[in-house]
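Engineer: Contents of final-v1.cif (mmCIF, C-alpha atoms) are below:
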```cif
data_entry
loop_
_atom_site.label_atom_id
_atom_site.label_comp_id
_atom_site.auth_asym_id
_atom_site.auth_seq_id
_atom_site.Cartn_x
_atom_site.Cartn_y
_atom_site.Cartn_z
CA ARG A 7 -40.41 -85.08 -7.63
CA THR A 8 -37.67 -87.09 -5.92
CA VAL A 9 -35.07 -84.46 -6.80
CA TYR A 10 -37.19 -81.66 -5.34
CA ASP A 11 -37.75 -83.70 -2.18
CA LEU A 12 -33.96 -84.13 -1.85
CA VAL A 13 -33.46 -80.38 -2.30
CA LYS A 14 -36.08 -79.65 0.36
CA GLU A 15 -34.30 -82.00 2.76
CA GLY A 16 -30.92 -80.47 1.92
CA SER A 17 -29.67 -83.88 0.88
CA ILE A 18 -28.20 -83.09 -2.53
CA PRO A 19 -25.65 -80.45 -3.70
CA VAL A 20 -27.49 -77.51 -5.26
CA SER A 21 -26.97 -73.82 -5.96
CA ARG A 22 -29.77 -71.26 -6.07
CA VAL A 23 -29.31 -68.48 -8.63
CA THR A 24 -32.04 -65.93 -9.40
CA GLY A 25 -34.74 -68.36 -8.32
CA LYS A 26 -33.39 -71.29 -10.31
CA LEU A 27 -31.95 -74.52 -8.95
CA LEU A 28 -28.61 -75.43 -10.49
CA PHE A 29 -26.97 -78.83 -10.00
CA PRO A 30 -23.21 -78.87 -10.75
CA ARG A 31 -22.63 -82.12 -12.61
CA GLU A 32 -19.34 -83.03 -10.89
CA LEU A 33 -20.75 -82.48 -7.40
CA VAL A 34 -23.90 -84.49 -8.12
CA GLU A 35 -21.84 -87.35 -9.58
CA ALA A 36 -19.60 -87.32 -6.50
CA TRP A 37 -22.71 -87.30 -4.29
CA VAL A 38 -24.16 -90.28 -6.18
CA ARG A 39 -20.92 -92.24 -5.83
CA ARG A 40 -20.67 -91.33 -2.17
CA ASN A 41 -24.20 -92.56 -1.37
CA ALA A 42 -23.87 -95.70 -3.49
CA GLN A 43 -20.72 -96.76 -1.63
CA THR A 44 -22.08 -95.77 1.77
CA THR A 45 -24.71 -98.51 1.42
CA SER A 46 -21.93 -101.06 1.03
CA GLY A 47 -20.15 -99.84 4.13
CA ILE A 48 -17.23 -98.06 2.43
CA ASP A 49 -16.57 -94.73 4.14
CA SER A 50 -15.07 -92.82 1.23
CA VAL A 51 -15.22 -92.80 -2.53
CA LEU A 52 -12.90 -90.23 -3.91
CA GLN A 53 -9.16 -90.78 -4.30
CA PRO A 54 -8.11 -87.15 -4.77
CA PRO A 55 -4.62 -86.05 -5.78
CA LEU A 56 -2.35 -84.71 -3.03
CA VAL A 57 -3.26 -81.09 -3.72
CA LEU A 58 -4.48 -78.26 -1.50
CA ALA A 59 -6.70 -75.85 -3.43
CA GLY A 60 -8.58 -72.68 -2.52
CA SER A 61 -7.38 -69.32 -1.26
CA HIS A 62 -3.70 -68.53 -0.86
CA ASP A 63 -2.35 -68.01 2.64
CA PRO A 64 1.36 -67.19 2.99
CA LEU A 65 1.71 -68.86 6.40
CA LEU A 66 0.07 -72.03 5.11
CA ASP A 67 2.13 -71.98 1.91
CA TRP A 68 5.33 -71.72 3.97
CA ALA A 69 4.23 -74.45 6.41
CA LEU A 70 3.40 -76.88 3.61
CA ARG A 71 6.98 -76.64 2.38
CA GLU A 72 8.72 -76.56 5.75
CA SER A 73 6.74 -79.51 7.11
CA GLY A 74 7.79 -81.78 4.24
CA SER A 75 4.12 -82.70 3.79
CA GLY A 76 4.50 -83.30 0.05
CA ILE A 77 1.18 -81.53 -0.56
CA ALA A 78 1.10 -79.48 -3.76
CA THR A 79 -0.99 -76.32 -4.09
CA PHE A 80 -3.42 -74.80 -6.56
CA PHE A 81 -4.57 -71.45 -5.23
CA ASP A 82 -7.32 -69.76 -7.26
CA GLY A 83 -9.87 -68.57 -4.71
CA SER A 84 -11.97 -70.04 -1.91
CA LEU A 85 -14.99 -71.00 -4.02
CA ASP A 86 -12.86 -72.50 -6.77
CA GLY A 87 -11.11 -74.63 -4.16
CA LEU A 88 -14.38 -75.76 -2.63
CA THR A 89 -15.61 -76.86 -6.03
CA ARG A 90 -12.36 -78.74 -6.70
CA LEU A 91 -12.65 -80.43 -3.32
CA GLY A 92 -16.18 -81.58 -4.14
CA GLU A 93 -15.07 -82.83 -7.55
CA GLY A 94 -12.36 -84.96 -5.96
CA LYS A 95 -9.53 -82.85 -7.41
CA ALA A 96 -7.98 -81.93 -4.05
CA VAL A 97 -7.52 -83.37 -0.56
CA ALA A 98 -8.16 -80.01 1.09
CA CYS A 99 -9.34 -76.47 0.47
CA GLY A 100 -8.21 -73.28 2.20
CA MET A 101 -11.01 -70.72 2.46
CA HIS A 102 -12.17 -67.49 4.06
CA VAL A 103 -15.76 -66.95 2.91
CA PHE A 104 -17.72 -64.53 5.08
CA GLU A 105 -21.34 -65.51 5.77
CA PRO A 106 -23.09 -62.39 7.11
CA GLU A 107 -26.41 -64.17 7.55
CA ARG A 108 -24.71 -66.50 10.05
CA ASP A 109 -22.06 -64.06 11.28
CA ASP A 110 -19.65 -66.89 10.57
CA TRP A 111 -17.09 -68.09 8.08
CA ASN A 112 -17.09 -70.98 5.58
CA VAL A 113 -19.42 -73.39 7.43
CA GLY A 114 -22.57 -72.70 5.41
CA HIS A 115 -20.78 -72.97 2.06
CA VAL A 116 -19.14 -76.27 2.98
CA ALA A 117 -22.43 -77.64 4.31
CA GLN A 118 -24.26 -76.72 1.10
CA VAL A 119 -21.69 -77.77 -1.49
CA LEU A 120 -20.48 -80.91 0.28
CA HIS A 121 -23.66 -81.97 2.04
CA GLY A 122 -23.50 -85.55 3.20
CA MET A 123 -19.83 -85.92 2.31
CA PRO A 124 -17.14 -86.94 4.83
CA VAL A 125 -15.39 -83.57 5.17
CA VAL A 126 -14.04 -81.87 8.27
CA LEU A 127 -13.58 -78.10 8.54
CA ILE A 128 -10.82 -76.98 10.89
CA GLU A 129 -9.54 -73.54 11.76
CA TRP A 130 -6.12 -72.56 10.48
CA ALA A 131 -5.88 -68.98 11.75
CA THR A 132 -7.63 -65.67 12.05
CA ARG A 133 -6.06 -62.97 9.91
CA GLN A 134 -6.13 -59.19 9.78
CA GLN A 135 -7.83 -58.27 6.51
CA GLY A 136 -7.76 -54.74 5.12
CA LEU A 137 -6.59 -52.46 2.35
CA ILE A 138 -3.13 -52.84 0.84
CA VAL A 139 -1.91 -49.39 -0.20
CA ALA A 140 1.31 -47.72 -1.31
CA PRO A 141 3.91 -46.88 1.36
CA GLY A 142 2.80 -43.81 3.27
CA ASN A 143 -0.71 -44.14 1.80
CA PRO A 144 -0.37 -41.10 -0.52
CA LYS A 145 -4.03 -41.31 -1.62
CA ASN A 146 -5.15 -41.31 2.05
CA ILE A 147 -7.36 -44.37 1.53
CA LYS A 148 -8.30 -45.31 5.10
CA GLY A 149 -11.46 -47.34 4.59
CA ILE A 150 -14.15 -48.58 2.20
CA ALA A 151 -15.69 -45.13 1.88
CA ASP A 152 -12.39 -43.78 0.52
CA LEU A 153 -11.99 -46.27 -2.34
CA GLY A 154 -13.23 -43.71 -4.85
CA GLN A 155 -10.04 -41.70 -4.24
CA GLY A 156 -7.91 -44.02 -6.34
CA LYS A 157 -7.83 -46.99 -8.70
CA PHE A 158 -9.00 -50.18 -7.04
CA ILE A 159 -7.60 -53.66 -7.69
CA PRO A 160 -10.47 -56.18 -7.82
CA ARG A 161 -10.40 -59.93 -7.21
CA GLN A 162 -12.03 -62.78 -9.15
CA LYS A 163 -15.57 -63.75 -8.10
CA GLN A 164 -14.37 -67.10 -6.70
CA ALA A 165 -12.23 -65.30 -4.09
CA GLY A 166 -13.27 -64.88 -0.48
CA SER A 167 -11.97 -61.29 -0.68
CA TYR A 168 -14.51 -60.54 -3.44
CA ILE A 169 -17.36 -61.76 -1.22
CA LEU A 170 -16.07 -59.79 1.77
CA LEU A 171 -15.70 -56.60 -0.29
CA SER A 172 -19.28 -56.93 -1.52
CA HIS A 173 -20.47 -57.17 2.09
CA LEU A 174 -18.36 -54.25 3.29
CA MET A 175 -19.53 -52.00 0.45
CA ALA A 176 -23.17 -52.95 0.99
CA ARG A 177 -22.76 -52.09 4.67
CA GLU A 178 -21.53 -48.65 3.62
CA GLY A 179 -24.34 -48.26 1.08
CA LEU A 180 -21.88 -48.21 -1.82
CA ASP A 181 -22.09 -49.79 -5.26
CA PRO A 182 -18.93 -51.64 -6.43
CA ALA A 183 -19.79 -50.60 -10.01
CA THR A 184 -18.95 -47.00 -9.12
CA LEU A 185 -15.31 -47.82 -8.39
CA ASP A 186 -12.49 -47.07 -10.80
CA MET A 187 -11.09 -50.60 -11.13
CA LEU A 188 -8.33 -52.31 -13.01
CA GLU A 189 -9.77 -54.23 -15.93
CA THR A 190 -8.14 -57.55 -15.02
CA PRO A 191 -8.83 -58.95 -11.51
CA ALA A 192 -5.90 -60.03 -9.36
CA ARG A 193 -5.85 -63.81 -8.88
CA SER A 194 -4.33 -63.66 -5.39
CA GLU A 195 -3.58 -61.21 -2.60
CA LEU A 196 0.06 -61.30 -3.64
CA ASP A 197 -1.01 -60.13 -7.11
CA VAL A 198 -2.89 -57.28 -5.40
CA ALA A 199 0.26 -56.27 -3.55
CA ILE A 200 2.42 -56.46 -6.67
CA ALA A 201 -0.05 -54.27 -8.58
CA VAL A 202 0.13 -51.66 -5.81
CA ALA A 203 3.95 -51.87 -5.69
CA GLU A 204 4.14 -51.39 -9.47
CA GLY A 205 1.80 -48.39 -9.36
CA LYS A 206 -0.92 -50.08 -11.43
CA GLY A 207 -3.48 -49.53 -8.68
CA ASP A 208 -3.82 -47.60 -5.45
CA ALA A 209 -5.59 -50.07 -3.17
CA GLY A 210 -6.87 -53.62 -2.98
CA LEU A 211 -8.23 -55.96 -0.35
CA GLY A 212 -5.64 -58.25 1.25
CA ILE A 213 -4.12 -59.42 4.52
CA GLU A 214 -1.55 -57.68 6.66
CA ALA A 215 1.07 -60.40 6.18
CA VAL A 216 1.14 -59.89 2.40
CA ALA A 217 1.40 -56.10 2.76
CA ARG A 218 4.32 -56.54 5.15
CA GLN A 219 6.08 -58.99 2.84
CA GLN A 220 6.00 -56.43 0.05
CA ARG A 221 6.82 -53.46 2.35
CA LEU A 222 3.55 -51.73 1.55
CA GLY A 223 1.07 -49.77 3.61
CA PHE A 224 -1.90 -51.46 5.26
CA GLU A 225 -5.21 -50.20 6.64
CA ALA A 226 -6.94 -52.79 8.85
CA LEU A 227 -10.67 -53.33 8.28
CA PHE A 228 -11.77 -56.77 9.38
CA ARG A 229 -10.73 -59.82 11.35
CA GLU A 230 -11.38 -62.94 9.26
CA ARG A 231 -11.14 -66.69 9.82
CA TYR A 232 -9.25 -68.90 7.40
CA ASP A 233 -10.22 -72.58 7.58
CA LEU A 234 -9.14 -75.83 5.95
CA ALA A 235 -11.82 -78.15 4.57
CA ILE A 236 -10.29 -81.63 4.38
CA TRP A 237 -11.56 -85.04 3.33
CA ARG A 238 -11.90 -86.82 6.68
CA ARG A 239 -9.94 -89.86 5.51
CA ASP A 240 -7.06 -87.66 4.35
CA TYR A 241 -7.07 -85.71 7.61
CA PHE A 242 -5.65 -88.81 9.31
CA GLU A 243 -3.10 -89.56 6.58
CA GLU A 244 0.59 -88.73 6.95
CA PRO A 245 0.76 -85.64 4.65
CA VAL A 246 -1.96 -83.68 6.49
CA GLN A 247 -0.74 -84.87 9.88
CA ALA A 248 2.79 -83.72 8.99
CA LEU A 249 1.42 -80.24 8.29
CA LEU A 250 -0.61 -80.09 11.50
CA SER A 251 2.24 -81.44 13.60
CA PHE A 252 4.56 -78.78 12.22
CA ALA A 253 1.93 -76.13 13.00
CA ALA A 254 2.32 -77.07 16.68
CA THR A 255 6.05 -76.26 16.75
CA GLU A 256 7.81 -73.20 18.13
CA ALA A 257 9.28 -72.45 14.68
CA PHE A 258 5.77 -72.15 13.29
CA ARG A 259 4.62 -69.85 16.10
CA VAL A 260 7.63 -67.62 15.59
CA ARG A 261 7.01 -67.41 11.84
CA ALA A 262 3.34 -66.52 12.36
CA ALA A 263 4.33 -63.69 14.70
CA GLU A 264 6.97 -62.41 12.26
CA MET A 265 4.54 -62.33 9.35
CA GLY A 266 2.06 -60.21 11.29
CA GLY A 267 -1.72 -60.09 11.47
CA TYR A 268 -2.16 -63.75 12.49
CA ASP A 269 -3.80 -65.28 15.54
CA ILE A 270 -3.17 -69.04 15.67
CA GLY A 271 -4.60 -69.60 19.13
CA SER A 272 -7.46 -71.80 17.83
CA LEU A 273 -5.54 -73.60 15.08
CA GLY A 274 -6.96 -77.12 14.70
CA LYS A 275 -10.36 -76.34 16.22
CA VAL A 276 -13.08 -78.34 14.43
CA ARG A 277 -15.64 -75.94 12.96
CA MET A 278 -17.72 -78.60 11.20
CA ASN A 279 -17.63 -82.38 10.88
CA GLY A 280 -19.49 -83.75 7.84
CA ALA A 281 -21.41 -86.99 7.59
#
```
In structure tokens, how does this file's structure come out?

Structural biologist:
Amino acid sequence: RTVYDLVKEGSIPVSRVTGKLLFPRELVEAWVRRNAQTTSGIDSVLQPPLVLAGSHDPLLDWALRESGSGIATFFDGSLDGLTRLGEGKAVACGMHVFEPERDDWNVGHVAQVLHGMPVVLIEWATRQQGLIVAPGNPKNIKGIADLGQGKFIPRQKQAGSYILLSHLMAREGLDPATLDMLETPARSELDVAIAVAEGKGDAGLGIEAVARQQRLGFEALFRERYDLAIWRRDYFEEPVQALLSFAATEAFRVRAAEMGGYDIGSLGKVRMNGA
């Protein structure tokens, strides 16, 4: 009864799948440790490794190196990164998860998975998301409705691009199962671009910057927001501050403009501040 009361209050990490309540062990254990230490006045429990997980962003990847932050990366999708953040396996998570019910990005997922945990969600950039295609777009794939004209390169289910594609296809009244897809999903947008460049597929969802890097075609579809979820304690530590300080430099602004498809006008804006 106590567990159900906590779920009703939104006080414990839980996922709802086909009517069932699922409680990821690692997140519940982290929640228990967090609440136990809160009563003794200690603000944070986890001592995560200096790793940024989640979705790959080429501007972020470059800035992490150029800033000398010392932060390592493990990019395997937005939802994977959020889980790793909750498990204490990362100091931060990069994510771009569309939430159509809120007409927002990322906030609802962070609030649900990391409820009651000291996490801050800040904006990194908005990015032009669309279809990466071969140079000259020989299959004439201009939008979601045209995906049946070629072989599509899917993403793993933990990726924000997978969630966005599902929304875009539902909006068009299309079933993803009808697409001719590669058997193995691409693990990153760069993998999507490489598959197109090698002729293994004709189109895949990705950002403009990646298409430009690989000298491929690009058909814009959506403007998305990419955020960083960061343990609040680590936000104030030197590695994260080194990254954010570098992001305020002219060199960073120039690089963002060169890559294409980025708007960094609201970089650093707090989108959510956890307990």

Engineer: Around the point (-14.6, -74.3, 1.1), in the coordinates given by the file, pick out the residues reaching within 10 Å, counting all atoms listed in the file, and return them as JSON, numbers by chain.

Structural biologist: {"A": [59, 60, 61, 83, 84, 85, 86, 87, 88, 89, 90, 91, 92, 98, 99, 100, 101, 102, 103, 111, 112, 113, 114, 115, 116, 117, 118, 119, 120, 127, 166, 232, 233, 234, 235, 236]}

Engineer: Go through the shown structure with the PyMOL selection byres ((chain A and resi 57) around 6) and write out the matching residues as an MDAnalysis selection string.

Structural biologist: chainID A and resid 55:56 58 77:79 96:97

Engineer: For Arg193 in chain A, which residue among A:Ile150, A:Ala140, A:Ile213, A:Ala165 is the nearest when counting only C-alpha atoms?

Structural biologist: A:Ala165

Engineer: What does the distance between CA of Asp82 in chain A and CA of Arg161 in chain A come to in Å, to one decimal place?

Structural biologist: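 Between CA of Asp82 in chain A and CA of Arg161 in chain A the gap works out to 10.3 Å.
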
Engineer: Between A:Val202, A:Gly207, A:Gly274, A:Leu153, single out the one closest to Arg221 in chain A, counting only C-alpha atoms.

Structural biologist: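 Residue with the minimum atom-to-atom distance to Arg221 in chain A: A:Val202.
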